[in-house]
$ cat start_11.cif   # mmCIF, C-alpha atoms and all ligand atoms
data_query
loop_
_atom_site.label_atom_id
_atom_site.label_comp_id
_atom_site.auth_asym_id
_atom_site.auth_seq_id
_atom_site.Cartn_x
_atom_site.Cartn_y
_atom_site.Cartn_z
CA MET A 1 6.47 -34.37 0.42
CA LYS A 2 5.35 -31.12 -1.24
CA ILE A 3 5.94 -27.89 0.62
CA PHE A 4 4.55 -24.54 -0.49
CA VAL A 5 6.95 -21.74 0.43
CA THR A 6 5.69 -18.15 0.28
CA GLY A 7 8.33 -15.43 -0.05
CA CYS A 8 10.67 -18.12 -1.39
CA CYS A 9 13.11 -15.66 -3.00
CA GLY A 10 13.67 -13.53 0.10
CA TYR A 11 16.54 -13.76 2.56
CA ILE A 12 15.23 -16.48 4.87
CA GLY A 13 13.01 -18.11 2.22
CA SER A 14 15.87 -18.67 -0.25
CA HIS A 15 18.13 -20.27 2.37
CA THR A 16 15.29 -22.47 3.59
CA CYS A 17 14.47 -23.57 0.03
CA VAL A 18 18.10 -24.68 -0.37
CA GLU A 19 17.89 -26.80 2.78
CA LEU A 20 14.50 -28.26 1.79
CA LEU A 21 15.67 -29.17 -1.73
CA GLU A 22 18.86 -30.70 -0.36
CA LYS A 23 16.77 -32.85 1.98
CA GLY A 24 14.68 -34.09 -0.95
CA TYR A 25 11.49 -32.11 -0.36
CA GLU A 26 9.56 -30.86 -3.39
CA VAL A 27 9.24 -27.10 -3.19
CA ILE A 28 6.49 -25.00 -4.72
CA GLY A 29 7.35 -21.32 -4.33
CA LEU A 30 5.53 -18.00 -4.54
CA ASP A 31 7.03 -14.52 -4.59
CA ASN A 32 6.02 -11.13 -5.96
CA PHE A 33 9.62 -9.79 -5.93
CA SER A 34 8.60 -6.82 -3.81
CA ASN A 35 11.84 -7.34 -1.87
CA SER A 36 13.84 -9.85 -3.88
CA LYS A 37 15.16 -10.62 -7.34
CA ARG A 38 14.18 -13.32 -9.82
CA SER A 39 17.85 -14.30 -10.24
CA VAL A 40 17.69 -15.87 -6.76
CA LEU A 41 15.86 -18.79 -8.39
CA ASP A 42 18.85 -19.52 -10.66
CA ARG A 43 21.22 -19.28 -7.75
CA ILE A 44 19.17 -21.72 -5.66
CA LYS A 45 19.40 -24.07 -8.64
CA GLN A 46 23.16 -23.53 -8.90
CA ILE A 47 23.61 -24.53 -5.26
CA THR A 48 21.26 -27.51 -5.18
CA ASN A 49 21.03 -28.71 -8.79
CA LYS A 50 17.31 -28.79 -8.20
CA GLU A 51 14.46 -26.49 -9.10
CA ILE A 52 11.59 -24.88 -7.29
CA LYS A 53 8.24 -25.00 -9.05
CA PHE A 54 7.84 -21.25 -9.03
CA TYR A 55 4.78 -18.99 -9.28
CA GLU A 56 5.17 -15.22 -9.57
CA GLY A 57 2.30 -13.59 -7.73
CA ASP A 58 0.92 -12.05 -4.60
CA MET A 59 -0.18 -13.89 -1.48
CA LEU A 60 -3.10 -11.47 -1.25
CA ASP A 61 -4.37 -12.85 -4.56
CA ARG A 62 -6.81 -15.55 -3.55
CA ASN A 63 -7.19 -16.82 -7.13
CA MET A 64 -3.44 -17.25 -7.43
CA LEU A 65 -3.36 -19.25 -4.20
CA LYS A 66 -6.26 -21.40 -5.38
CA LYS A 67 -4.45 -22.06 -8.66
CA ILE A 68 -1.33 -23.16 -6.74
CA PHE A 69 -3.32 -25.44 -4.42
CA THR A 70 -5.28 -26.88 -7.35
CA GLU A 71 -2.20 -27.60 -9.46
CA ASN A 72 -0.14 -29.08 -6.62
CA ASP A 73 -0.92 -31.63 -3.99
CA ILE A 74 0.48 -29.52 -1.16
CA ASP A 75 1.20 -31.13 2.21
CA MET A 76 2.50 -28.18 4.19
CA VAL A 77 3.05 -24.43 3.94
CA ILE A 78 6.00 -22.34 5.15
CA ASP A 79 5.03 -18.67 5.17
CA PHE A 80 7.80 -16.10 4.79
CA ALA A 81 5.99 -13.50 2.64
CA ALA A 82 5.77 -10.23 4.55
CA TYR A 83 7.19 -6.72 4.72
CA LYS A 84 9.84 -6.39 7.42
CA ALA A 85 11.21 -2.83 7.64
CA VAL A 86 10.35 -1.47 11.06
CA GLY A 87 10.78 2.25 10.20
CA ASP A 88 8.78 1.86 7.01
CA SER A 89 5.95 0.19 8.90
CA VAL A 90 5.50 3.30 11.04
CA LYS A 91 5.04 5.36 7.87
CA LYS A 92 2.83 2.85 6.04
CA PRO A 93 0.76 0.96 8.64
CA VAL A 94 -2.09 0.11 6.26
CA GLU A 95 0.28 -1.45 3.74
CA TYR A 96 2.01 -3.40 6.50
CA TYR A 97 -1.15 -4.76 8.13
CA THR A 98 -2.55 -5.63 4.70
CA ASN A 99 0.56 -7.44 3.54
CA ASN A 100 1.43 -9.10 6.83
CA VAL A 101 -2.01 -9.88 8.30
CA SER A 102 -4.60 -9.91 5.49
CA SER A 103 -2.34 -12.08 3.33
CA VAL A 104 -2.12 -14.68 6.12
CA LEU A 105 -5.93 -14.68 6.44
CA THR A 106 -6.20 -15.25 2.69
CA LEU A 107 -3.67 -18.08 2.91
CA LEU A 108 -5.41 -19.71 5.88
CA SER A 109 -8.82 -19.63 4.26
CA VAL A 110 -7.44 -21.23 1.07
CA MET A 111 -5.62 -23.83 3.19
CA GLN A 112 -8.93 -24.63 4.90
CA GLU A 113 -10.67 -24.90 1.53
CA TYR A 114 -8.05 -27.39 0.30
CA ASN A 115 -7.81 -29.19 3.63
CA VAL A 116 -4.12 -28.40 4.09
CA LYS A 117 -3.60 -28.00 7.82
CA SER A 118 0.14 -27.78 8.44
CA LEU A 119 1.91 -24.43 8.62
CA VAL A 120 5.27 -23.03 9.68
CA PHE A 121 5.02 -19.29 10.32
CA SER A 122 7.82 -16.68 10.57
CA SER A 123 7.34 -14.55 13.63
CA SER A 124 9.91 -12.42 15.40
CA ALA A 125 11.48 -11.77 18.77
CA THR A 126 9.93 -8.35 18.37
CA VAL A 127 6.64 -9.81 19.76
CA TYR A 128 8.26 -9.75 23.23
CA GLY A 129 8.37 -5.93 23.18
CA VAL A 130 10.80 -4.74 25.86
CA PRO A 131 11.84 -7.99 27.57
CA LYS A 132 11.67 -8.00 31.36
CA ILE A 133 14.22 -10.81 31.70
CA VAL A 134 16.95 -12.10 29.38
CA PRO A 135 17.49 -14.71 28.07
CA ILE A 136 13.89 -14.75 26.84
CA THR A 137 11.92 -17.99 27.03
CA GLU A 138 8.74 -18.71 25.06
CA GLU A 139 6.77 -18.31 28.30
CA ALA A 140 7.71 -14.63 28.52
CA GLU A 141 4.82 -12.25 28.10
CA ILE A 142 4.24 -11.01 24.56
CA GLY A 143 2.91 -7.59 23.61
CA GLY A 144 4.01 -4.02 24.06
CA THR A 145 5.22 -3.89 20.46
CA THR A 146 6.25 -0.41 19.43
CA ASN A 147 5.63 -0.40 15.68
CA PRO A 148 3.13 -1.77 13.14
CA TYR A 149 5.60 -4.40 11.91
CA GLY A 150 5.92 -5.92 15.37
CA THR A 151 2.20 -5.60 16.00
CA SER A 152 1.42 -7.35 12.70
CA LYS A 153 3.38 -10.39 13.92
CA LEU A 154 1.57 -10.25 17.26
CA TYR A 155 -1.83 -10.18 15.52
CA VAL A 156 -0.97 -13.15 13.32
CA GLU A 157 0.20 -15.15 16.34
CA GLY A 158 -3.20 -14.43 17.94
CA ILE A 159 -5.04 -15.54 14.81
CA LEU A 160 -3.04 -18.78 14.65
CA LYS A 161 -3.76 -19.49 18.31
CA ASP A 162 -7.51 -19.04 17.76
CA LEU A 163 -7.39 -21.21 14.66
CA CYS A 164 -5.74 -24.08 16.56
CA ILE A 165 -8.41 -23.81 19.27
CA SER A 166 -11.21 -23.88 16.70
CA ASP A 167 -9.76 -26.76 14.69
CA PRO A 168 -7.51 -29.20 16.59
CA GLU A 169 -6.40 -30.78 13.31
CA PHE A 170 -4.35 -27.69 12.48
CA LYS A 171 -0.63 -28.19 13.14
CA ILE A 172 1.17 -24.87 13.37
CA CYS A 173 4.77 -24.10 14.23
CA VAL A 174 5.55 -20.46 15.01
CA PHE A 175 9.21 -19.49 14.93
CA ARG A 176 10.27 -16.35 16.74
CA TYR A 177 13.51 -15.40 15.01
CA PHE A 178 16.12 -13.36 16.80
CA ASN A 179 18.69 -11.64 14.53
CA PRO A 180 19.48 -13.68 11.42
CA VAL A 181 22.75 -12.65 9.74
CA GLY A 182 25.33 -13.99 7.29
CA ALA A 183 24.82 -15.78 4.01
CA HIS A 184 25.10 -19.15 2.33
CA GLN A 185 28.70 -20.33 2.28
CA SER A 186 28.65 -20.41 -1.53
CA GLY A 187 28.18 -16.64 -1.55
CA LEU A 188 25.36 -17.15 -4.08
CA ILE A 189 22.50 -16.08 -1.82
CA GLY A 190 22.40 -13.71 1.13
CA GLU A 191 20.76 -10.59 2.49
CA ASP A 192 20.39 -7.95 -0.16
CA PRO A 193 18.32 -5.08 1.23
CA ASN A 194 17.17 -2.29 -1.06
CA GLY A 195 18.75 1.10 -0.31
CA ILE A 196 20.62 1.91 2.88
CA PRO A 197 20.36 -1.01 5.30
CA ALA A 198 18.57 -0.46 8.61
CA ASN A 199 20.06 -3.54 10.27
CA LEU A 200 23.52 -3.78 11.74
CA MET A 201 25.21 -6.59 9.82
CA PRO A 202 24.36 -5.47 6.27
CA PHE A 203 25.42 -1.95 7.27
CA ILE A 204 28.79 -3.19 8.59
CA SER A 205 29.30 -5.15 5.34
CA LYS A 206 28.68 -2.08 3.20
CA VAL A 207 31.10 0.02 5.24
CA ALA A 208 33.70 -2.72 4.92
CA THR A 209 33.31 -2.86 1.11
CA GLY A 210 33.48 0.94 0.91
CA GLU A 211 29.90 1.40 -0.33
CA LEU A 212 29.06 3.33 2.83
CA GLU A 213 31.45 5.58 4.67
CA CYS A 214 30.84 5.09 8.35
CA LEU A 215 28.66 3.08 10.72
CA SER A 216 26.78 4.95 13.42
CA VAL A 217 26.77 2.98 16.65
CA PHE A 218 23.40 3.83 18.14
CA GLY A 219 24.22 4.58 21.76
CA ASN A 220 27.07 3.54 24.06
CA ASP A 221 25.34 4.31 27.34
CA TYR A 222 23.09 1.25 27.67
CA ASP A 223 23.31 -0.93 30.74
CA THR A 224 25.21 -3.65 28.86
CA LYS A 225 28.74 -5.10 28.89
CA ASP A 226 30.25 -2.19 26.91
CA GLY A 227 27.32 0.22 26.75
CA THR A 228 26.23 -0.75 23.21
CA GLY A 229 23.13 -2.79 22.32
CA VAL A 230 23.29 -6.56 22.75
CA ARG A 231 21.49 -8.96 20.39
CA ASP A 232 21.30 -12.66 19.60
CA TYR A 233 22.76 -13.00 16.09
CA ILE A 234 22.09 -16.33 14.41
CA HIS A 235 23.63 -17.62 11.18
CA ILE A 236 21.04 -17.75 8.41
CA VAL A 237 21.95 -21.34 7.50
CA ASP A 238 21.34 -22.48 11.09
CA LEU A 239 18.02 -20.64 11.02
CA ALA A 240 17.08 -22.24 7.68
CA LYS A 241 17.92 -25.71 9.05
CA ALA A 242 15.56 -25.16 11.96
CA HIS A 243 12.73 -25.11 9.41
CA ILE A 244 13.56 -28.66 8.38
CA SER A 245 13.28 -29.64 12.05
CA GLY A 246 9.98 -27.74 12.23
CA VAL A 247 8.61 -29.60 9.20
CA GLU A 248 9.64 -32.94 10.72
CA LYS A 249 8.14 -31.99 14.07
CA LEU A 250 4.79 -31.08 12.47
CA ASN A 251 4.78 -34.33 10.55
CA ASN A 252 4.89 -36.19 13.86
CA SER A 253 2.48 -33.89 15.64
CA ASP A 254 -1.19 -34.64 16.35
CA GLY A 255 -2.15 -31.00 16.03
CA GLY A 256 -1.95 -27.75 17.92
CA LEU A 257 0.27 -24.69 18.15
CA LEU A 258 4.00 -25.00 18.78
CA ILE A 259 6.11 -21.91 19.47
CA TYR A 260 9.91 -21.77 19.40
CA ASN A 261 12.55 -19.11 19.84
CA LEU A 262 15.30 -19.39 17.25
CA GLY A 263 18.54 -17.90 18.49
CA THR A 264 21.93 -19.01 19.75
CA GLY A 265 21.40 -18.00 23.35
CA VAL A 266 24.47 -15.76 23.18
CA GLY A 267 24.28 -11.99 23.10
CA TYR A 268 26.92 -9.87 21.34
CA SER A 269 27.26 -6.10 21.57
CA VAL A 270 27.56 -3.79 18.57
CA LEU A 271 31.24 -3.18 19.35
CA GLU A 272 31.89 -6.92 19.63
CA MET A 273 30.28 -7.39 16.20
CA ILE A 274 32.48 -4.69 14.65
CA LYS A 275 35.66 -6.12 16.19
CA ALA A 276 34.80 -9.67 15.11
CA PHE A 277 34.04 -8.53 11.56
CA GLU A 278 37.36 -6.68 11.34
CA ARG A 279 39.35 -9.59 12.74
CA VAL A 280 37.74 -12.35 10.66
CA ASN A 281 37.81 -10.47 7.37
CA ASN A 282 40.94 -8.45 7.95
CA VAL A 283 39.17 -5.21 7.04
CA LYS A 284 38.55 -1.88 8.71
CA VAL A 285 35.03 -0.85 9.69
CA ASN A 286 34.83 2.89 10.30
CA TYR A 287 32.39 3.77 13.03
CA LYS A 288 31.34 6.62 15.26
CA ILE A 289 29.23 6.73 18.39
CA ALA A 290 25.83 8.28 17.65
CA PRO A 291 22.69 8.90 19.72
CA ARG A 292 20.41 5.99 20.60
CA ARG A 293 17.93 4.90 17.90
CA GLU A 294 14.35 5.49 18.92
CA GLY A 295 12.55 2.31 19.95
CA ASP A 296 15.77 0.30 20.51
CA ILE A 297 16.16 -1.88 23.57
CA ALA A 298 19.40 -2.51 25.49
CA GLU A 299 19.52 -6.27 25.42
CA CYS A 300 17.67 -9.09 23.69
CA PHE A 301 18.76 -12.69 23.47
CA ALA A 302 17.03 -16.02 23.38
CA ASP A 303 16.69 -18.99 25.60
CA SER A 304 16.44 -21.57 22.80
CA THR A 305 16.40 -24.61 25.08
CA LYS A 306 12.90 -25.56 23.95
CA ALA A 307 13.91 -25.69 20.27
CA ASN A 308 17.13 -27.51 21.17
CA LYS A 309 15.22 -30.21 23.05
CA GLU A 310 11.98 -30.58 21.12
CA LEU A 311 13.31 -30.01 17.62
CA ASN A 312 16.63 -31.69 18.17
CA TRP A 313 18.15 -28.58 16.59
CA LYS A 314 20.97 -26.33 17.69
CA ALA A 315 22.68 -23.37 16.09
CA GLU A 316 26.11 -24.63 15.10
CA LEU A 317 27.80 -21.73 13.34
CA GLY A 318 29.50 -19.05 15.37
CA LEU A 319 30.26 -15.37 15.10
CA ASP A 320 33.28 -15.94 12.84
CA GLU A 321 31.22 -17.78 10.23
CA MET A 322 28.50 -15.12 10.42
CA CYS A 323 31.03 -12.35 9.71
CA ARG A 324 32.93 -14.33 7.07
CA ASP A 325 29.83 -15.32 5.08
CA ALA A 326 28.20 -11.88 5.31
CA TYR A 327 31.34 -10.24 3.89
CA ASN A 328 31.86 -12.92 1.25
CA PHE A 329 28.32 -12.34 -0.07
CA SER A 330 28.59 -8.56 -0.01
CA LEU A 331 31.79 -8.73 -2.11
CA LYS A 332 29.94 -10.57 -4.89
CA LYS A 333 27.53 -7.70 -5.64
CA TYR A 334 24.84 -9.60 -7.53
P1 LIG B 1 12.59 -10.69 2.83
O1 LIG B 1 11.97 -9.38 2.58
O2 LIG B 1 13.99 -10.92 2.38
O3 LIG B 1 11.69 -11.85 2.18
C1 LIG B 1 10.30 -11.79 2.07
C2 LIG B 1 9.94 -12.23 0.66
O4 LIG B 1 8.53 -12.22 0.53
C3 LIG B 1 10.50 -11.31 -0.41
O5 LIG B 1 11.09 -12.09 -1.44
C4 LIG B 1 9.28 -10.55 -0.93
O6 LIG B 1 9.42 -10.21 -2.30
C5 LIG B 1 8.17 -11.56 -0.68
N1 LIG B 1 6.83 -10.99 -0.45
C6 LIG B 1 6.48 -10.01 0.42
N2 LIG B 1 5.16 -9.81 0.39
C7 LIG B 1 4.65 -10.70 -0.53
C8 LIG B 1 3.35 -10.99 -0.99
N3 LIG B 1 2.28 -10.32 -0.56
N4 LIG B 1 3.19 -11.96 -1.91
C9 LIG B 1 4.26 -12.65 -2.38
N5 LIG B 1 5.53 -12.42 -1.97
C10 LIG B 1 5.71 -11.45 -1.05
O7 LIG B 1 12.44 -11.01 4.39
P2 LIG B 1 13.12 -12.16 5.24
O8 LIG B 1 14.20 -11.55 6.05
O9 LIG B 1 13.42 -13.32 4.39
O10 LIG B 1 11.93 -12.48 6.23
C11 LIG B 1 11.05 -13.57 6.03
C12 LIG B 1 10.02 -13.59 7.12
O11 LIG B 1 10.67 -13.66 8.39
C13 LIG B 1 9.14 -12.35 7.18
O12 LIG B 1 7.85 -12.73 7.57
C14 LIG B 1 9.79 -11.51 8.27
O13 LIG B 1 8.87 -10.65 8.87
C15 LIG B 1 10.25 -12.59 9.23
N6 LIG B 1 11.36 -12.15 10.08
C16 LIG B 1 12.53 -11.74 9.53
C17 LIG B 1 13.57 -11.32 10.37
C18 LIG B 1 14.88 -10.85 9.79
O14 LIG B 1 15.69 -10.28 10.53
N7 LIG B 1 15.18 -11.05 8.53
C19 LIG B 1 13.42 -11.35 11.75
C20 LIG B 1 12.23 -11.78 12.27
C21 LIG B 1 11.19 -12.20 11.43
C1 LIG B 2 15.54 -5.02 14.25
C2 LIG B 2 14.09 -4.66 14.33
C3 LIG B 2 13.28 -5.85 14.79
C4 LIG B 2 13.56 -7.05 13.88
C5 LIG B 2 15.06 -7.32 13.90
C6 LIG B 2 15.46 -8.46 13.02
C7 LIG B 2 14.16 -2.27 14.85
C8 LIG B 2 13.85 -1.21 15.87
N1 LIG B 2 13.93 -3.54 15.22
O1 LIG B 2 15.96 -5.34 15.53
O2 LIG B 2 11.92 -5.56 14.78
O3 LIG B 2 12.85 -8.18 14.34
O4 LIG B 2 15.73 -6.14 13.44
O5 LIG B 2 15.27 -8.11 11.68
O6 LIG B 2 14.56 -1.97 13.73
N2 LIG B 2 22.76 -0.73 15.28
C9 LIG B 2 23.70 0.27 15.22
N3 LIG B 2 23.88 0.92 14.02
C10 LIG B 2 23.19 0.60 12.90
C11 LIG B 2 22.23 -0.45 12.96
C12 LIG B 2 22.03 -1.08 14.17
O7 LIG B 2 24.36 0.58 16.21
O8 LIG B 2 23.40 1.24 11.85
C13 LIG B 2 22.58 -1.46 16.54
C14 LIG B 2 21.17 -1.35 17.11
O9 LIG B 2 21.04 -0.22 17.93
C15 LIG B 2 21.07 -2.68 17.88
C16 LIG B 2 21.93 -3.64 17.06
O10 LIG B 2 22.81 -2.81 16.29
O11 LIG B 2 21.63 -2.54 19.15
C17 LIG B 2 21.12 -4.53 16.14
O12 LIG B 2 20.28 -3.72 15.32
P1 LIG B 2 19.39 -4.31 14.13
O13 LIG B 2 20.25 -5.13 13.24
O14 LIG B 2 18.66 -3.18 13.52
O15 LIG B 2 18.40 -5.31 14.85
P2 LIG B 2 17.37 -5.09 16.08
O16 LIG B 2 17.42 -3.72 16.57
O17 LIG B 2 17.62 -6.19 17.03
#
$ encode --input "start_11.cif" --output "structure tokens"
Amino acid sequence: MKIFVTGCCGYIGSHTCVELLEKGYEVIGLDNFSNSKRSVLDRIKQITNKEIKFYEGDMLDRNMLKKIFTENDIDMVIDFAAYKAVGDSVKKPVEYYTNNVSSVLTLLSVMQEYNVKSLVFSSSATVYGVPKIVPITEEAEIGGTTNPYGTSKLYVEGILKDLCISDPEFKICVFRYFNPVGAHQSGLIGEDPNGIPANLMPFISKVATGELECLSVFGNDYDTKDGTGVRDYIHIVDLAKAHISGVEKLNNSDGGLLIYNLGTGVGYSVLEMIKAFERVNNVKVNYKIAPRREGDIAECFADSTKANKELNWKAELGLDEMCRDAYNFSLKKY
């Protein structure tokens, strides 16, 4: 089975490609390296002993997509290509909507042209806005997003819903990721953000390796177990494996839109993350309490029962593995 993976060299894309190749799927990949490095391709090969058929290009480039669909008999698409920095999206909304929404429209129209009607799409827990109840189920209301990044995911979900209504042959699986962290156990691929990381785990890793001096804990006066923000951190390899389950589910589906939360169902606070990282890796993580970050919510964690039941998938790796693998990757400095 041939699967076209957009954004194949990024954090989630690279780990998913490893799982797909290891399961025997043929992978055709596209990336424009706007947030990744070409060397990821070699490292995927090192892990799996297999190669992606790779195209360097932009998902907004209709001719490039047509070339890929013409040259390969594609059965399904997994779409990871997007910009993902929340703060950046507030400063550059046009770029974000273009890259995250227009590119999907281009992809969908080419898929229609080539009669490819199976898609796995990367959405985010951010579509829930400020959750009224935790854990969050897929039935929870979506909307109330507070930045263009989150809104771009909301728009795409709406487009996919309309598409499935218009054409019942379309089979679409939307994954709402919670907080993916960690790296492949080999240490060959992981999260490698440009510049100073905005997310917690890469920031902790860089403080632990000495690249950054001190972590600011954004607020300790939330209504949570210890006053710091609580999130549902999920190991990247567990998240990648869920895509295999998604592909299998779509293969057995008659059509329509499926939506799944991908999390562990367990919420950890910022202080719990720091303590776990220190304990597992036997390192010190300097931190100070700082004011709340604008737009942050107190608590967000998933009810992933639907994915557990319908996809026969469950996150298996715990907090210790997340901390161990994140640190192991950050020590390699690729
Ligand atoms: P990432 O930035 O590491 O990977 C995205 C990849 O897509 C990069 O390699 C980038 O170079 C490529 N890309 C971006 N725009 C492109 C374009 N127009 N054409 C071709 N390639 C393009 O991000 P990630 O963490 O792997 O996220 C993957 C997907 O999951 C994104 O859609 C993101 O919004 C979503 N998501 C991520 C998280 C997270 O915490 N990492 C959470 C929720 C949702
Ligand atoms: C962020 C994004 C969200 C995206 C998600 C996964 C924002 C506002 N939201 O969510 O859209 O889907 O990542 O990629 O950026 N923290 C600190 N100090 C830091 C960094 C973070 O204390 O230096 C705290 C935060 O306040 C939060 C927790 O750590 O309580 C997790 O933060 P982060 O990793 O940025 O993820 P989210 O805020 O969940």
$ residues_around --input "start_11.cif" --residues "range 292-303 of chain A" --least-positions-apart "3" --cutoff "10 Å" --atoms "all atoms listed in the file" --output "PyMOL selection string"
chain A and resi 86-87+125-126+128-138+145-147+176-179+216-225+227-233+260-269+289+306-308
$ residues_near_ligand --input "start_11.cif" --ligand "ligand LIG 1 (chain B)" --cutoff "6 Å" --atoms "all atoms listed in the file" --output "NGL selection string"
:A and (7 or 9-13 or 30-36 or 57-60 or 80-84 or 99 or 122-124 or 177 or 179-180)
$ write_last_selection --input "start_11.cif" --atoms "C-alpha atoms" --output "mmCIF file, keeping the file's coordinate frame"
data_model
loop_
_atom_site.group_PDB
_atom_site.id
_atom_site.type_symbol
_atom_site.label_atom_id
_atom_site.label_comp_id
_atom_site.auth_asym_id
_atom_site.auth_seq_id
_atom_site.Cartn_x
_atom_site.Cartn_y
_atom_site.Cartn_z
ATOM 1 C CA GLY A 7 8.330 -15.430 -0.050
ATOM 2 C CA CYS A 9 13.110 -15.660 -3.000
ATOM 3 C CA GLY A 10 13.670 -13.530 0.100
ATOM 4 C CA TYR A 11 16.540 -13.760 2.560
ATOM 5 C CA ILE A 12 15.230 -16.480 4.870
ATOM 6 C CA GLY A 13 13.010 -18.110 2.220
ATOM 7 C CA LEU A 30 5.530 -18.000 -4.540
ATOM 8 C CA ASP A 31 7.030 -14.520 -4.590
ATOM 9 C CA ASN A 32 6.020 -11.130 -5.960
ATOM 10 C CA PHE A 33 9.620 -9.790 -5.930
ATOM 11 C CA SER A 34 8.600 -6.820 -3.810
ATOM 12 C CA ASN A 35 11.840 -7.340 -1.870
ATOM 13 C CA SER A 36 13.840 -9.850 -3.880
ATOM 14 C CA GLY A 57 2.300 -13.590 -7.730
ATOM 15 C CA ASP A 58 0.920 -12.050 -4.600
ATOM 16 C CA MET A 59 -0.180 -13.890 -1.480
ATOM 17 C CA LEU A 60 -3.100 -11.470 -1.250
ATOM 18 C CA PHE A 80 7.800 -16.100 4.790
ATOM 19 C CA ALA A 81 5.990 -13.500 2.640
ATOM 20 C CA ALA A 82 5.770 -10.230 4.550
ATOM 21 C CA TYR A 83 7.190 -6.720 4.720
ATOM 22 C CA LYS A 84 9.840 -6.390 7.420
ATOM 23 C CA ASN A 99 0.560 -7.440 3.540
ATOM 24 C CA SER A 122 7.820 -16.680 10.570
ATOM 25 C CA SER A 123 7.340 -14.550 13.630
ATOM 26 C CA SER A 124 9.910 -12.420 15.400
ATOM 27 C CA TYR A 177 13.510 -15.400 15.010
ATOM 28 C CA ASN A 179 18.690 -11.640 14.530
ATOM 29 C CA PRO A 180 19.480 -13.680 11.420
#
$ atom_distance --input "start_11.cif" --atom1 "atom C4 of ligand LIG 2 (chain B)" --atom2 "CA of Asp79 in chain A"
16.8 Å
$ closest_residue --input "start_11.cif" --among "A:Val181, A:Val174, A:Ile189, A:Ile236" --to "ligand LIG 2 (chain B)" --atoms "only C-alpha atoms and all ligand atoms"
A:Val181
$ residues_around --input "start_11.cif" --residues "Val156 in chain A" --least-positions-apart "4" --cutoff "12 Å" --atoms "only C-alpha atoms" --output "VMD selection string"
chain A and resid 79 82 97 to 105 107 to 108 121 to 124 127 149 to 152 160 to 163 172 174
$ atom_distance --input "start_11.cif" --atom1 "CA of Tyr96 in chain A" --atom2 "atom C7 of ligand LIG 2 (chain B)"
14.8 Å
$ closest_residue --input "start_11.cif" --among "A:Lys23, A:Lys206, A:Lys2, A:Arg43" --to "ligand LIG 2 (chain B)" --atoms "only C-alpha atoms and all ligand atoms"
A:Lys206
$ axis_aligned_box --input "start_11.cif" --around "ligand LIG 2 (chain B)" --padding-each-side "6 Å" --output "AutoDock Vina command-line options"
--center_x 18.1 --center_y -3.6 --center_z 15.4 --size_x 24.4 --size_y 21.7 --size_z 19.5
$ closest_residue --input "start_11.cif" --among "A:Asp320, A:Asp75, A:Glu213, A:Asp238" --to "ligand LIG 2 (chain B)" --atoms "only C-alpha atoms and all ligand atoms"
A:Glu213
